$ cat structure.cif   # mmCIF, C-alpha atoms and all ligand atoms
data_target
loop_
_atom_site.label_atom_id
_atom_site.label_comp_id
_atom_site.auth_asym_id
_atom_site.auth_seq_id
_atom_site.Cartn_x
_atom_site.Cartn_y
_atom_site.Cartn_z
CA MET F 455 -9.18 8.52 -15.78
CA ASN F 456 -6.72 6.18 -17.40
CA GLN F 457 -3.62 7.90 -18.68
CA ASN F 458 -1.74 4.83 -19.75
CA SER F 459 -0.59 4.71 -23.32
CA THR F 460 1.94 3.06 -25.61
CA GLU F 461 2.98 6.43 -26.93
CA ILE F 462 6.67 7.00 -26.28
CA ARG F 463 7.22 10.13 -24.21
CA THR F 464 10.73 11.47 -23.99
CA GLU F 465 10.16 14.74 -22.11
CA PRO F 466 10.70 14.32 -18.36
CA ARG F 467 7.43 15.85 -17.18
CA VAL F 468 6.20 13.34 -14.58
CA LEU F 469 7.03 13.93 -10.91
CA PHE F 470 6.99 11.22 -8.27
CA VAL F 471 6.64 12.65 -4.76
CA ASP F 472 7.62 10.33 -1.91
CA MET F 473 7.32 11.55 1.68
CA ASN F 474 10.34 10.54 3.78
CA SER F 475 9.72 8.27 6.80
CA PHE F 476 6.15 9.50 6.61
CA PHE F 477 4.40 8.09 9.71
CA ALA F 478 7.43 8.70 11.95
CA ARG F 479 7.85 12.25 10.68
CA CYS F 480 4.13 13.00 11.18
CA GLU F 481 4.63 12.04 14.84
CA GLN F 482 7.75 14.22 15.07
CA GLN F 483 5.81 17.02 13.42
CA VAL F 484 3.09 16.95 16.06
CA ASN F 485 5.34 16.25 19.07
CA TYR F 486 8.31 18.62 18.98
CA TRP F 487 10.18 16.56 21.58
CA LEU F 488 10.36 13.54 19.34
CA ARG F 489 12.45 15.41 16.79
CA ASN F 490 16.09 14.37 16.29
CA ARG F 491 15.40 11.20 18.25
CA PRO F 492 15.15 7.58 17.12
CA VAL F 493 11.39 7.18 16.87
CA GLY F 494 9.35 4.29 15.50
CA VAL F 495 5.65 4.01 14.80
CA CYS F 496 4.10 0.70 15.86
CA VAL F 497 0.59 -0.65 15.40
CA TYR F 498 0.69 -1.42 19.10
CA THR F 499 3.41 -0.78 21.66
CA GLY F 500 3.33 -4.05 23.56
CA LYS F 501 6.53 -5.95 24.35
CA TYR F 502 6.52 -7.63 20.94
CA GLY F 503 4.99 -4.76 18.97
CA CYS F 504 6.13 -4.50 15.40
CA VAL F 505 7.74 -1.30 14.06
CA ILE F 506 6.16 -0.10 10.82
CA SER F 507 7.81 3.28 10.23
CA LEU F 508 11.13 4.64 11.48
CA SER F 509 12.47 8.16 11.82
CA THR F 510 15.66 9.01 9.96
CA GLU F 511 17.55 8.90 13.28
CA ALA F 512 16.34 5.35 13.99
CA LYS F 513 17.28 4.17 10.50
CA GLU F 514 20.78 5.56 11.02
CA LEU F 515 21.13 3.31 14.09
CA GLY F 516 20.48 0.27 11.92
CA ILE F 517 16.92 -0.38 13.07
CA LYS F 518 14.74 -1.84 10.35
CA ALA F 519 10.99 -1.71 9.77
CA GLY F 520 9.37 -5.00 10.76
CA MET F 521 11.62 -5.49 13.81
CA ARG F 522 9.90 -6.26 17.11
CA LEU F 523 10.11 -3.81 19.98
CA ASN F 524 11.88 -6.22 22.34
CA ASP F 525 14.72 -6.59 19.80
CA VAL F 526 14.75 -2.87 19.00
CA MET F 527 14.97 -1.83 22.66
CA ALA F 528 17.78 -4.31 23.32
CA LYS F 529 19.74 -2.79 20.45
CA CYS F 530 18.87 0.83 21.19
CA PRO F 531 17.53 1.72 24.69
CA ASP F 532 16.94 5.36 23.61
CA PHE F 533 14.43 4.29 21.00
CA VAL F 534 10.97 5.87 21.42
CA PRO F 535 8.06 3.65 20.32
CA VAL F 536 4.93 5.57 19.35
CA GLU F 537 1.54 4.07 18.72
CA SER F 538 0.20 4.57 15.20
CA ASN F 539 -2.34 7.23 14.44
CA PRO F 540 -4.03 6.47 11.09
CA THR F 541 -6.34 9.50 11.22
CA ARG F 542 -3.37 11.81 11.69
CA TYR F 543 -1.54 10.39 8.66
CA ARG F 544 -4.67 10.69 6.49
CA GLU F 545 -5.07 14.34 7.53
CA PHE F 546 -1.48 15.16 6.60
CA HIS F 547 -1.88 13.21 3.36
CA LYS F 548 -4.90 15.31 2.39
CA LYS F 549 -3.08 18.57 3.15
CA ILE F 550 -0.05 17.49 1.12
CA ILE F 551 -2.20 16.58 -1.88
CA GLN F 552 -3.92 19.99 -1.61
CA VAL F 553 -0.54 21.74 -1.71
CA ILE F 554 0.56 19.75 -4.77
CA ARG F 555 -2.74 20.50 -6.54
CA GLN F 556 -1.90 24.21 -6.48
CA TYR F 557 0.63 23.46 -9.21
CA CYS F 558 -1.27 20.96 -11.28
CA ASN F 559 -4.66 19.26 -11.29
CA ASP F 560 -3.22 16.08 -12.65
CA VAL F 561 -2.25 14.54 -9.30
CA VAL F 562 -2.76 10.86 -8.47
CA PRO F 563 -2.05 9.68 -4.90
CA LYS F 564 -0.42 6.26 -5.19
CA SER F 565 -0.39 5.52 -1.48
CA ILE F 566 -0.66 7.45 1.74
CA ASP F 567 2.87 8.84 1.29
CA GLU F 568 3.30 8.91 -2.49
CA ALA F 569 1.81 10.92 -5.34
CA ILE F 570 2.30 11.21 -9.09
CA VAL F 571 2.17 14.68 -10.63
CA ASN F 572 1.78 14.66 -14.40
CA LEU F 573 2.90 17.92 -16.02
CA THR F 574 2.60 16.57 -19.58
CA ASN F 575 -0.31 18.88 -20.34
CA TYR F 576 1.19 21.83 -18.52
CA GLU F 577 3.35 23.34 -21.24
CA GLY F 578 5.59 26.21 -20.33
CA THR F 579 6.20 24.89 -16.80
CA THR F 580 9.59 23.70 -15.60
CA PRO F 581 9.23 20.38 -13.75
CA PHE F 582 12.47 20.96 -11.83
CA ASP F 583 11.23 24.29 -10.44
CA ILE F 584 7.82 22.84 -9.58
CA ALA F 585 9.50 19.98 -7.71
CA ARG F 586 11.55 22.45 -5.65
CA ASN F 587 8.43 24.54 -4.97
CA ILE F 588 6.43 21.50 -3.83
CA GLN F 589 9.20 20.53 -1.40
CA ARG F 590 9.30 24.09 -0.03
CA ASP F 591 5.52 24.49 0.19
CA ILE F 592 5.00 21.22 2.08
CA LEU F 593 7.57 22.39 4.64
CA GLU F 594 6.05 25.88 4.87
CA LYS F 595 2.34 25.09 4.66
CA VAL F 596 1.91 21.55 6.01
CA GLY F 597 4.75 20.92 8.44
CA ASP F 598 8.39 21.94 8.82
CA TRP F 599 9.39 18.34 9.59
CA LEU F 600 7.73 16.81 6.54
CA THR F 601 10.43 16.36 3.92
CA CYS F 602 9.99 14.52 0.65
CA SER F 603 12.04 13.12 -2.21
CA ILE F 604 10.94 13.89 -5.74
CA GLY F 605 12.05 12.18 -8.92
CA ILE F 606 11.38 13.42 -12.45
CA ALA F 607 11.11 11.32 -15.63
CA PRO F 608 8.96 10.81 -18.72
CA ASN F 609 6.81 8.19 -16.95
CA ALA F 610 5.65 7.45 -13.43
CA PHE F 611 7.74 4.30 -12.95
CA LEU F 612 11.00 5.98 -13.96
CA ALA F 613 10.05 9.02 -11.84
CA LYS F 614 9.74 6.71 -8.84
CA LEU F 615 13.11 5.18 -9.64
CA ALA F 616 14.51 8.74 -9.91
CA SER F 617 13.09 9.59 -6.47
CA VAL F 618 14.80 6.56 -4.92
CA GLN F 619 18.11 7.36 -6.63
CA GLY F 620 17.76 11.03 -5.65
CA LYS F 621 17.30 10.10 -2.00
CA LYS F 622 20.51 8.02 -2.12
CA ARG F 623 22.46 10.80 -3.81
CA GLY F 624 20.91 13.61 -1.78
CA GLY F 625 19.56 15.57 -4.73
CA LEU F 626 16.93 15.78 -7.43
CA VAL F 627 17.39 13.20 -10.18
CA ILE F 628 15.88 13.63 -13.62
CA ILE F 629 15.81 10.57 -15.89
CA THR F 630 15.89 11.26 -19.63
CA PRO F 631 16.50 9.15 -22.75
CA GLN F 632 20.05 10.57 -22.72
CA ASN F 633 20.99 9.46 -19.19
CA ILE F 634 18.80 6.41 -18.54
CA ASP F 635 21.48 3.88 -19.45
CA ASP F 636 24.00 5.54 -17.14
CA ILE F 637 21.42 5.56 -14.33
CA LEU F 638 20.51 1.88 -14.83
CA ARG F 639 24.08 0.57 -15.37
CA PRO F 640 25.16 0.34 -11.70
CA LEU F 641 21.77 -1.01 -10.54
CA LYS F 642 20.82 -4.58 -9.70
CA LEU F 643 17.47 -6.07 -10.71
CA GLY F 644 16.28 -5.83 -7.10
CA ASP F 645 16.90 -2.05 -7.14
CA LEU F 646 13.92 -1.64 -9.47
CA PRO F 647 10.77 -0.85 -7.46
CA GLY F 648 8.44 -3.80 -7.97
CA ILE F 649 11.09 -6.42 -8.72
CA GLY F 650 11.34 -8.67 -5.70
CA TYR F 651 13.70 -11.47 -4.84
CA ASN F 652 11.77 -14.18 -6.68
CA MET F 653 11.39 -12.20 -9.85
CA SER F 654 15.02 -11.16 -10.03
CA TYR F 655 16.00 -14.81 -9.57
CA ARG F 656 13.69 -15.83 -12.41
CA LEU F 657 15.04 -13.09 -14.69
CA GLU F 658 18.65 -14.04 -13.96
CA ARG F 659 17.98 -17.70 -14.61
CA ASN F 660 16.60 -16.65 -17.99
CA GLY F 661 19.72 -14.69 -18.89
CA ILE F 662 18.65 -11.18 -17.90
CA LYS F 663 21.16 -10.12 -15.29
CA SER F 664 20.62 -6.38 -14.90
CA PRO F 665 18.06 -3.57 -15.34
CA LEU F 666 20.02 -2.41 -18.39
CA GLU F 667 19.67 -5.86 -20.05
CA MET F 668 16.01 -5.81 -19.13
CA ARG F 669 15.52 -2.48 -20.87
CA TYR F 670 16.94 -3.88 -24.12
CA ALA F 671 15.13 -7.24 -23.94
CA THR F 672 12.22 -7.60 -26.36
CA PRO F 673 8.70 -7.37 -24.93
CA GLN F 674 8.02 -10.95 -26.13
CA ARG F 675 11.00 -12.27 -24.20
CA LEU F 676 9.97 -10.48 -21.03
CA LYS F 677 6.41 -11.70 -21.44
CA ALA F 678 7.69 -15.28 -21.68
CA ILE F 679 9.82 -14.89 -18.56
CA PHE F 680 7.08 -13.19 -16.52
CA LYS F 681 4.52 -15.62 -17.94
CA SER F 682 2.13 -12.67 -18.17
CA ILE F 683 1.45 -9.30 -19.74
CA GLU F 684 3.42 -7.80 -16.84
CA GLY F 685 6.54 -8.58 -18.88
CA ILE F 686 5.37 -6.31 -21.67
CA TYR F 687 4.58 -3.60 -19.15
CA TRP F 688 8.15 -3.83 -17.88
CA HIS F 689 9.41 -3.25 -21.40
CA TYR F 690 7.13 -0.21 -21.66
CA ARG F 691 8.20 1.21 -18.33
CA LEU F 692 11.89 1.02 -19.15
CA ASN F 693 11.31 2.48 -22.61
CA PHE F 694 9.35 5.63 -21.78
CA MET F 695 5.77 4.48 -22.09
CA GLU F 696 3.23 5.01 -19.32
CA THR F 697 1.79 2.05 -17.42
CA ASN F 698 1.43 3.40 -13.92
CA ILE F 699 -0.96 6.34 -13.90
CA MET F 700 -4.55 5.51 -13.13
CA SER F 701 -6.60 7.53 -10.71
CA HIS F 702 -8.56 4.48 -9.61
CA ASP F 703 -5.84 1.93 -9.59
CA TYR F 704 -7.79 -0.64 -7.65
CA ARG F 705 -6.51 -3.89 -8.97
CA GLY F 706 -6.82 -5.12 -5.44
CA MET F 707 -6.92 -4.28 -1.76
CA GLN F 708 -5.43 -6.16 1.12
CA ALA F 709 -5.42 -6.05 4.87
CA MET F 710 -2.55 -7.65 6.72
CA ARG F 711 -1.33 -7.88 10.27
CA GLN F 712 1.64 -9.34 12.14
CA ILE F 713 0.73 -11.25 15.28
CA SER F 714 3.06 -11.08 18.26
CA ALA F 715 3.99 -14.19 20.23
CA GLU F 716 2.06 -12.81 23.17
CA LYS F 717 -1.12 -12.13 21.23
CA ARG F 718 -1.21 -15.38 19.31
CA LYS F 719 -1.39 -17.45 22.48
CA ASN F 720 -5.02 -16.45 22.53
CA ILE F 721 -7.10 -18.14 19.84
CA GLU F 722 -9.89 -15.61 20.38
CA TYR F 723 -7.51 -12.87 19.38
CA ILE F 724 -6.66 -14.75 16.18
CA ASP F 725 -10.33 -15.10 15.32
CA GLN F 726 -11.03 -11.50 16.12
CA LEU F 727 -8.12 -10.34 14.01
CA PHE F 728 -9.44 -12.36 11.09
CA MET F 729 -12.72 -10.53 11.47
CA THR F 730 -11.04 -7.13 11.77
CA LEU F 731 -9.14 -7.69 8.52
CA CYS F 732 -12.37 -8.61 6.75
CA LEU F 733 -14.14 -5.58 8.22
CA THR F 734 -11.32 -3.30 7.04
CA LEU F 735 -11.76 -4.55 3.48
CA GLU F 736 -15.51 -4.27 3.77
CA ARG F 737 -15.21 -0.62 4.79
CA ARG F 738 -12.96 0.18 1.84
CA MET F 739 -15.19 -1.62 -0.63
CA VAL F 740 -18.30 0.12 0.68
CA HIS F 741 -16.60 3.50 0.30
CA HIS F 742 -15.75 2.79 -3.30
CA LYS F 743 -18.91 0.87 -4.18
CA PHE F 744 -16.87 -2.18 -5.16
CA TYR F 745 -17.75 -5.83 -4.99
CA SER F 746 -15.03 -8.42 -5.19
CA LYS F 747 -15.04 -11.58 -7.25
CA SER F 748 -11.67 -12.93 -6.13
CA ILE F 749 -10.56 -13.51 -2.57
CA GLY F 750 -7.19 -14.37 -1.14
CA PHE F 751 -6.20 -15.51 2.32
CA THR F 752 -2.78 -16.19 3.81
CA ALA F 753 -1.68 -17.38 7.23
CA VAL F 754 2.03 -17.60 8.00
CA TYR F 755 3.11 -19.86 10.88
CA GLU F 756 5.89 -19.79 13.47
CA ASP F 757 7.89 -22.45 11.65
CA GLY F 758 7.86 -20.44 8.41
CA THR F 759 5.24 -22.57 6.66
CA ARG F 760 2.10 -20.96 5.30
CA TRP F 761 -1.46 -21.52 4.22
CA ASP F 762 -2.27 -19.71 0.99
CA ASP F 763 -5.63 -19.70 -0.69
CA ALA F 764 -7.06 -17.73 -3.60
CA PHE F 765 -10.40 -18.34 -5.21
CA THR F 766 -12.95 -16.77 -7.49
CA ILE F 767 -16.65 -16.64 -6.78
CA SER F 768 -19.60 -16.17 -9.10
CA THR F 769 -21.56 -13.74 -6.90
CA PRO F 770 -19.47 -10.68 -5.99
CA VAL F 771 -19.23 -9.87 -2.28
CA GLN F 772 -18.67 -6.75 -0.28
CA ASP F 773 -19.44 -7.50 3.35
CA ALA F 774 -17.09 -8.92 5.95
CA VAL F 775 -19.44 -11.66 7.06
CA SER F 776 -19.58 -13.16 3.56
CA LEU F 777 -15.83 -12.82 3.18
CA MET F 778 -15.23 -14.63 6.46
CA ARG F 779 -17.77 -17.29 5.67
CA MET F 780 -16.31 -18.12 2.29
CA ILE F 781 -12.73 -18.26 3.53
CA ARG F 782 -13.82 -20.52 6.39
CA LEU F 783 -15.79 -22.72 4.02
CA ARG F 784 -12.69 -23.26 1.89
CA ILE F 785 -10.64 -24.03 4.99
CA ASP F 786 -13.22 -26.55 6.19
CA LYS F 787 -13.35 -28.27 2.81
CA PHE F 788 -9.57 -28.53 2.74
CA ARG F 789 -9.48 -29.96 6.24
CA GLU F 790 -12.18 -32.48 5.38
CA LYS F 791 -10.12 -33.65 2.42
CA THR F 792 -6.71 -33.74 4.06
CA GLY F 793 -7.52 -34.25 7.74
CA CYS F 794 -5.05 -31.52 8.73
CA GLY F 795 -5.29 -29.49 11.94
CA PRO F 796 -6.97 -26.09 12.29
CA VAL F 797 -5.69 -23.47 9.85
CA LEU F 798 -6.43 -20.61 12.24
CA ASN F 799 -4.42 -21.65 15.26
CA THR F 800 -2.12 -20.16 17.88
CA GLN F 801 0.97 -20.56 15.66
CA VAL F 802 -0.12 -17.88 13.20
CA THR F 803 2.41 -15.03 13.02
CA GLN F 804 0.91 -13.13 10.12
CA MET F 805 -2.52 -13.00 8.53
CA ARG F 806 -3.56 -11.42 5.27
CA VAL F 807 -6.92 -11.10 3.52
CA ALA F 808 -7.04 -9.75 -0.03
CA VAL F 809 -9.81 -8.89 -2.44
CA THR F 810 -9.50 -8.23 -6.15
CA ASN F 811 -11.32 -8.59 -9.46
CA PHE F 812 -13.71 -5.76 -8.64
CA VAL F 813 -17.07 -5.00 -10.14
CA THR F 814 -19.23 -2.00 -9.29
CA ASN F 815 -22.86 -2.64 -8.45
CA GLY F 816 -23.73 -0.61 -11.54
CA ASP F 817 -22.67 -3.31 -13.92
CA THR F 818 -23.66 -6.43 -12.04
CA LEU F 819 -26.85 -8.04 -13.27
CA TYR F 820 -27.23 -10.91 -10.88
CA SER F 821 -30.41 -12.34 -9.55
CA LEU F 822 -29.24 -11.26 -6.11
CA PHE F 823 -29.00 -7.67 -7.19
CA GLU F 824 -31.87 -6.37 -5.10
CA ASP F 825 -30.65 -8.18 -2.06
CA MET F 826 -27.18 -6.87 -2.53
CA ASP F 827 -28.44 -3.36 -2.97
CA ARG F 828 -30.35 -3.50 0.28
CA LYS F 829 -27.42 -5.01 2.07
CA GLU F 830 -25.20 -2.25 0.81
CA THR F 831 -27.54 0.41 2.11
CA ALA F 832 -27.60 -1.26 5.52
CA LEU F 833 -23.82 -1.45 5.61
CA LYS F 834 -23.48 2.16 4.51
CA THR F 835 -25.78 3.31 7.27
CA MET F 836 -23.78 1.38 9.78
CA HIS F 837 -20.49 2.85 8.57
CA ALA F 838 -21.98 6.34 8.54
CA ILE F 839 -23.06 5.93 12.15
CA LYS F 840 -19.66 4.54 13.04
CA ASN F 841 -17.94 7.49 11.42
CA LYS F 842 -20.14 9.88 13.33
CA PHE F 843 -20.04 8.34 16.77
CA GLY F 844 -16.84 6.34 16.71
CA SER F 845 -16.55 2.67 15.87
CA GLU F 846 -16.74 1.45 19.47
CA LYS F 847 -20.27 2.81 19.88
CA LEU F 848 -21.94 0.64 17.32
CA VAL F 849 -20.86 -2.94 17.10
CA ARG F 850 -22.72 -5.61 15.24
CA ALA F 851 -23.35 -8.88 16.96
CA VAL F 852 -20.68 -10.56 14.88
CA GLU F 853 -18.10 -8.08 16.13
CA LEU F 854 -18.88 -8.72 19.77
CA THR F 855 -16.37 -11.09 21.24
CA ASP F 856 -14.72 -10.08 24.45
CA GLY F 857 -15.95 -6.52 24.21
CA LYS F 858 -12.79 -5.09 22.71
CA VAL F 859 -12.64 -3.83 19.18
CA ILE F 860 -9.27 -4.19 17.49
CA LYS F 861 -7.74 -0.90 16.36
CA ASP F 862 -7.84 0.44 12.86
CA VAL F 863 -5.51 -1.47 10.58
CA ILE F 864 -3.19 0.47 8.34
CA GLY F 865 -2.62 -1.21 5.03
CA PHE F 866 1.06 -0.93 4.13
CA GLY F 867 1.46 1.89 1.64
CA SER F 868 -2.28 2.03 1.20
CA VAL F 869 -4.46 5.06 0.81
CA LYS F 870 -7.42 3.05 -0.34
CA ASP F 871 -9.57 3.67 2.71
CA LEU F 872 -9.86 7.39 2.23
CA THR F 873 -13.46 8.29 1.61
CA ASP F 874 -15.00 9.00 -1.78
CA LEU F 875 -15.18 12.62 -0.77
CA ASP F 876 -11.41 12.90 -0.74
CA TYR F 877 -11.27 11.79 -4.34
CA LYS F 878 -14.07 13.96 -5.67
CA MET F 879 -11.62 16.48 -7.08
CA MET F 880 -9.87 13.88 -9.14
CA GLU F 881 -12.68 12.65 -11.29
MG MG E 901 7.97 7.21 1.67
#
$ encode --input "structure.cif" --output "structure tokens"
Amino acid sequence: MNQNSTEIRTEPRVLFVDMNSFFARCEQQVNYWLRNRPVGVCVYTGKYGCVISLSTEAKELGIKAGMRLNDVMAKCPDFVPVESNPTRYREFHKKIIQVIRQYCNDVVPKSIDEAIVNLTNYEGTTPFDIARNIQRDILEKVGDWLTCSIGIAPNAFLAKLASVQGKKRGGLVIITPQNIDDILRPLKLGDLPGIGYNMSYRLERNGIKSPLEMRYATPQRLKAIFKSIEGIYWHYRLNFMETNIMSHDYRGMQAMRQISAEKRKNIEYIDQLFMTLCLTLERRMVHHKFYSKSIGFTAVYEDGTRWDDAFTISTPVQDAVSLMRMIRLRIDKFREKTGCGPVLNTQVTQMRVAVTNFVTNGDTLYSLFEDMDRKETALKTMHAIKNKFGSEKLVRAVELTDGKVIKDVIGFGSVKDLTDLDYKMME
């Protein structure tokens, strides 16, 4: 269901719900003795484990997400590292969405800890009261440690901005056509969710120095600066049109992982991680019956340099083996041409695989169709068995390396690997 439109909406009837310190608070919810302590969720808790979510108490001590445990412990010996628990966070996510749906059916989860609630078609309701009720109900019905920030505005982007501003000010912020300029005036370009360092530099170089100037720039000018239709979308967002609500907002999926100094000494680990990332994407694509036509791969090295590749293929793929094979083929071709060293080596500190440009098998009419269909069924069966008996029980030959299967990978801010079943209500 696509709710985007160029109609200008001035009534603040869209809520953006953002769970605070979600993973860390889920852990504090389950383990009472972690409450009021500096806690951090890590994908693994080895010496150089990387912190991915921090409790409020840890943030107050100046610890930042992405820091490594050896640095964190040196700075704060009371810090409690906790290993991540993806299943737990998905369970809480589902319960939270259920609670929100009691107020409105028009709910779109944007990530595992964010949801958009569109009250546009719910006349006679007061968004402010519903926001307060949602906050209360999550605490009462899901968990008394699970707090959230909610922003209210005429579109989803501005509602998200309102939730961020509300968190800073410790209250509920409502953005309206009357107050938007006052809200934007003190902000820097980088304060807008989605505007990163590179983009704010590019905007400034082109004479747009603040979010307020961006709001009053013409769509054509923004399009020229962004060199894409994204520029026009930014004009829409800042001028009360909707660009962000789509229940199947799958422009792309990615799987990424940091690699500790300890782990990357072992080239087998690097290879296995590469496979795990591809398998993660495979699982998500199988769930959603997607095939990808564009693939991206990034390796970042110790010295800060990186290998980036993105390519489009004519036959859409879904399975990890094909993904791996094509990425490796590209690497081999590049090495043949340039004579450079191995791309997957023991200097890799971060690895990312991305898939985009999706097609569903329903509208692909390739000669390989029958083959693909069969392959999909085989993959589905395998995933079904894995879900039933646990992923360690059934391992394909390609996954067998040293007998260990790398843990589930949590995509940052991603909810994309929930099963179809979870989304049934939304369609
Ligand atoms: Mg959050």
$ atom_distance --input "structure.cif" --atom1 "CA of Thr499 (chain F)" --atom2 "CA of Ile550 (chain F)"
27.7 Å
$ residues_around --input "structure.cif" --residues "Arg639 (chain F)" --least-positions-apart "3" --cutoff "8 Å" --atoms "only C-alpha atoms" --output "ChimeraX atom specification"
/F:635-636,664-666
$ closest_atom_pairs --input "structure.cif" --of "chain F" --to "ligand MG 901 (chain E)" --cutoff "10 Å" --atoms "all atoms listed in the file" --output "JSON lines"
{"residue": "F:Val471", "atom": "CA", "partner": "E:MG901", "partner_atom": "MG", "distance": 8.5}
{"residue": "F:Asp472", "atom": "CA", "partner": "E:MG901", "partner_atom": "MG", "distance": 4.8}
{"residue": "F:Met473", "atom": "CA", "partner": "E:MG901", "partner_atom": "MG", "distance": 4.4}
{"residue": "F:Asn474", "atom": "CA", "partner": "E:MG901", "partner_atom": "MG", "distance": 4.6}
{"residue": "F:Ser475", "atom": "CA", "partner": "E:MG901", "partner_atom": "MG", "distance": 5.5}
{"residue": "F:Phe476", "atom": "CA", "partner": "E:MG901", "partner_atom": "MG", "distance": 5.7}
{"residue": "F:Phe477", "atom": "CA", "partner": "E:MG901", "partner_atom": "MG", "distance": 8.8}
{"residue": "F:Ser507", "atom": "CA", "partner": "E:MG901", "partner_atom": "MG", "distance": 9.4}
{"residue": "F:Ser565", "atom": "CA", "partner": "E:MG901", "partner_atom": "MG", "distance": 9.1}
{"residue": "F:Ile566", "atom": "CA", "partner": "E:MG901", "partner_atom": "MG", "distance": 8.6}
{"residue": "F:Asp567", "atom": "CA", "partner": "E:MG901", "partner_atom": "MG", "distance": 5.4}
{"residue": "F:Glu568", "atom": "CA", "partner": "E:MG901", "partner_atom": "MG", "distance": 6.5}
{"residue": "F:Thr601", "atom": "CA", "partner": "E:MG901", "partner_atom": "MG", "distance": 9.7}
{"residue": "F:Cys602", "atom": "CA", "partner": "E:MG901", "partner_atom": "MG", "distance": 7.7}
{"residue": "F:Ser603", "atom": "CA", "partner": "E:MG901", "partner_atom": "MG", "distance": 8.2}
{"residue": "F:Ser617", "atom": "CA", "partner": "E:MG901", "partner_atom": "MG", "distance": 9.9}
{"residue": "F:Val618", "atom": "CA", "partner": "E:MG901", "partner_atom": "MG", "distance": 9.5}
{"residue": "F:Gly867", "atom": "CA", "partner": "E:MG901", "partner_atom": "MG", "distance": 8.4}
$ write_last_selection --input "structure.cif" --atoms "C-alpha atoms" --output "JSON list (two decimals), in the coordinates of the input"
[["chain", "number", "residue", "atom", "x", "y", "z"],
["F", 471, "VAL", "CA", 6.64, 12.65, -4.76],
["F", 472, "ASP", "CA", 7.62, 10.33, -1.91],
["F", 473, "MET", "CA", 7.32, 11.55, 1.68],
["F", 474, "ASN", "CA", 10.34, 10.54, 3.78],
["F", 475, "SER", "CA", 9.72, 8.27, 6.80],
["F", 476, "PHE", "CA", 6.15, 9.50, 6.61],
["F", 477, "PHE", "CA", 4.40, 8.09, 9.71],
["F", 507, "SER", "CA", 7.81, 3.28, 10.23],
["F", 565, "SER", "CA", -0.39, 5.52, -1.48],
["F", 566, "ILE", "CA", -0.66, 7.45, 1.74],
["F", 567, "ASP", "CA", 2.87, 8.84, 1.29],
["F", 568, "GLU", "CA", 3.30, 8.91, -2.49],
["F", 601, "THR", "CA", 10.43, 16.36, 3.92],
["F", 602, "CYS", "CA", 9.99, 14.52, 0.65],
["F", 603, "SER", "CA", 12.04, 13.12, -2.21],
["F", 617, "SER", "CA", 13.09, 9.59, -6.47],
["F", 618, "VAL", "CA", 14.80, 6.56, -4.92],
["F", 867, "GLY", "CA", 1.46, 1.89, 1.64]]
$ atom_distance --input "structure.cif" --atom1 "CA of Ile649 (chain F)" --atom2 "CA of Ile629 (chain F)"
19.0 Å
$ residues_around --input "structure.cif" --residues "Ile506 (chain F)" --least-positions-apart "3" --cutoff "6 Å" --atoms "all atoms listed in the file" --output "list in words"
Val495, Cys496, Ala519 and Gly520 of chain F
$ write_last_selection --input "structure.cif" --atoms "C-alpha atoms" --output "PDB file, keeping the file's coordinate frame"
ATOM      1  CA  VAL F 495       5.650   4.010  14.800  1.00  0.00           C
ATOM      2  CA  CYS F 496       4.100   0.700  15.860  1.00  0.00           C
ATOM      3  CA  ALA F 519      10.990  -1.710   9.770  1.00  0.00           C
ATOM      4  CA  GLY F 520       9.370  -5.000  10.760  1.00  0.00           C
TER       5      GLY F 520
END
$ atom_distance --input "structure.cif" --atom1 "CA of Tyr655 (chain F)" --atom2 "CA of Met521 (chain F)"
25.5 Å
$ residues_around --input "structure.cif" --residues "Tyr576 (chain F)" --least-positions-apart "4" --cutoff "10 Å" --atoms "all atoms listed in the file" --output "count of residues only"
8
$ closest_residue --input "structure.cif" --among "F:Met805, F:Gly793, F:Leu733, F:Gln632" --to "Leu777 (chain F)" --atoms "all atoms listed in the file"
F:Leu733
$ closest_residue --input "structure.cif" --among "F:Pro770, F:Gly605, F:Gly758, F:Gly620" --to "Thr803 (chain F)" --atoms "all atoms listed in the file"
F:Gly758
$ closest_residue --input "structure.cif" --among "F:Lys747, F:Ile584, F:Phe680, F:Thr579" --to "Phe470 (chain F)" --atoms "all atoms listed in the file"
F:Ile584
$ residues_around --input "structure.cif" --residues "Phe611 (chain F)" --least-positions-apart "6" --cutoff "10 Å" --atoms "only C-alpha atoms" --output "list in words"
Val468, Leu469, Phe470, Ile570, Gly605, Ser617, Leu646, Pro647, Gly648, Trp688, Tyr690, Arg691, Leu692, Phe694, Met695, Glu696, Thr697, Asn698 and Ile699 of chain F
$ closest_residue --input "structure.cif" --among "F:Val526, F:Ile604, F:Leu657, F:Lys787" --to "Gly644 (chain F)" --atoms "only C-alpha atoms"
F:Leu657
$ closest_residue --input "structure.cif" --among "F:Gly661, F:Pro631, F:Gly500, F:Pro535" --to "Ile679 (chain F)" --atoms "all atoms listed in the file"
F:Gly661
$ closest_residue --input "structure.cif" --among "F:Thr672, F:Thr510, F:Ala678, F:Glu465" --to "Ala613 (chain F)" --atoms "all atoms listed in the file"
F:Glu465
$ axis_aligned_box --input "structure.cif" --around "region 581-600 of chain F" --padding-each-side "6 Å" --output "JSON"
{"center_x": 7.2, "center_y": 21.3, "center_z": -2.1, "size_x": 22.6, "size_y": 21.1, "size_z": 35.3}
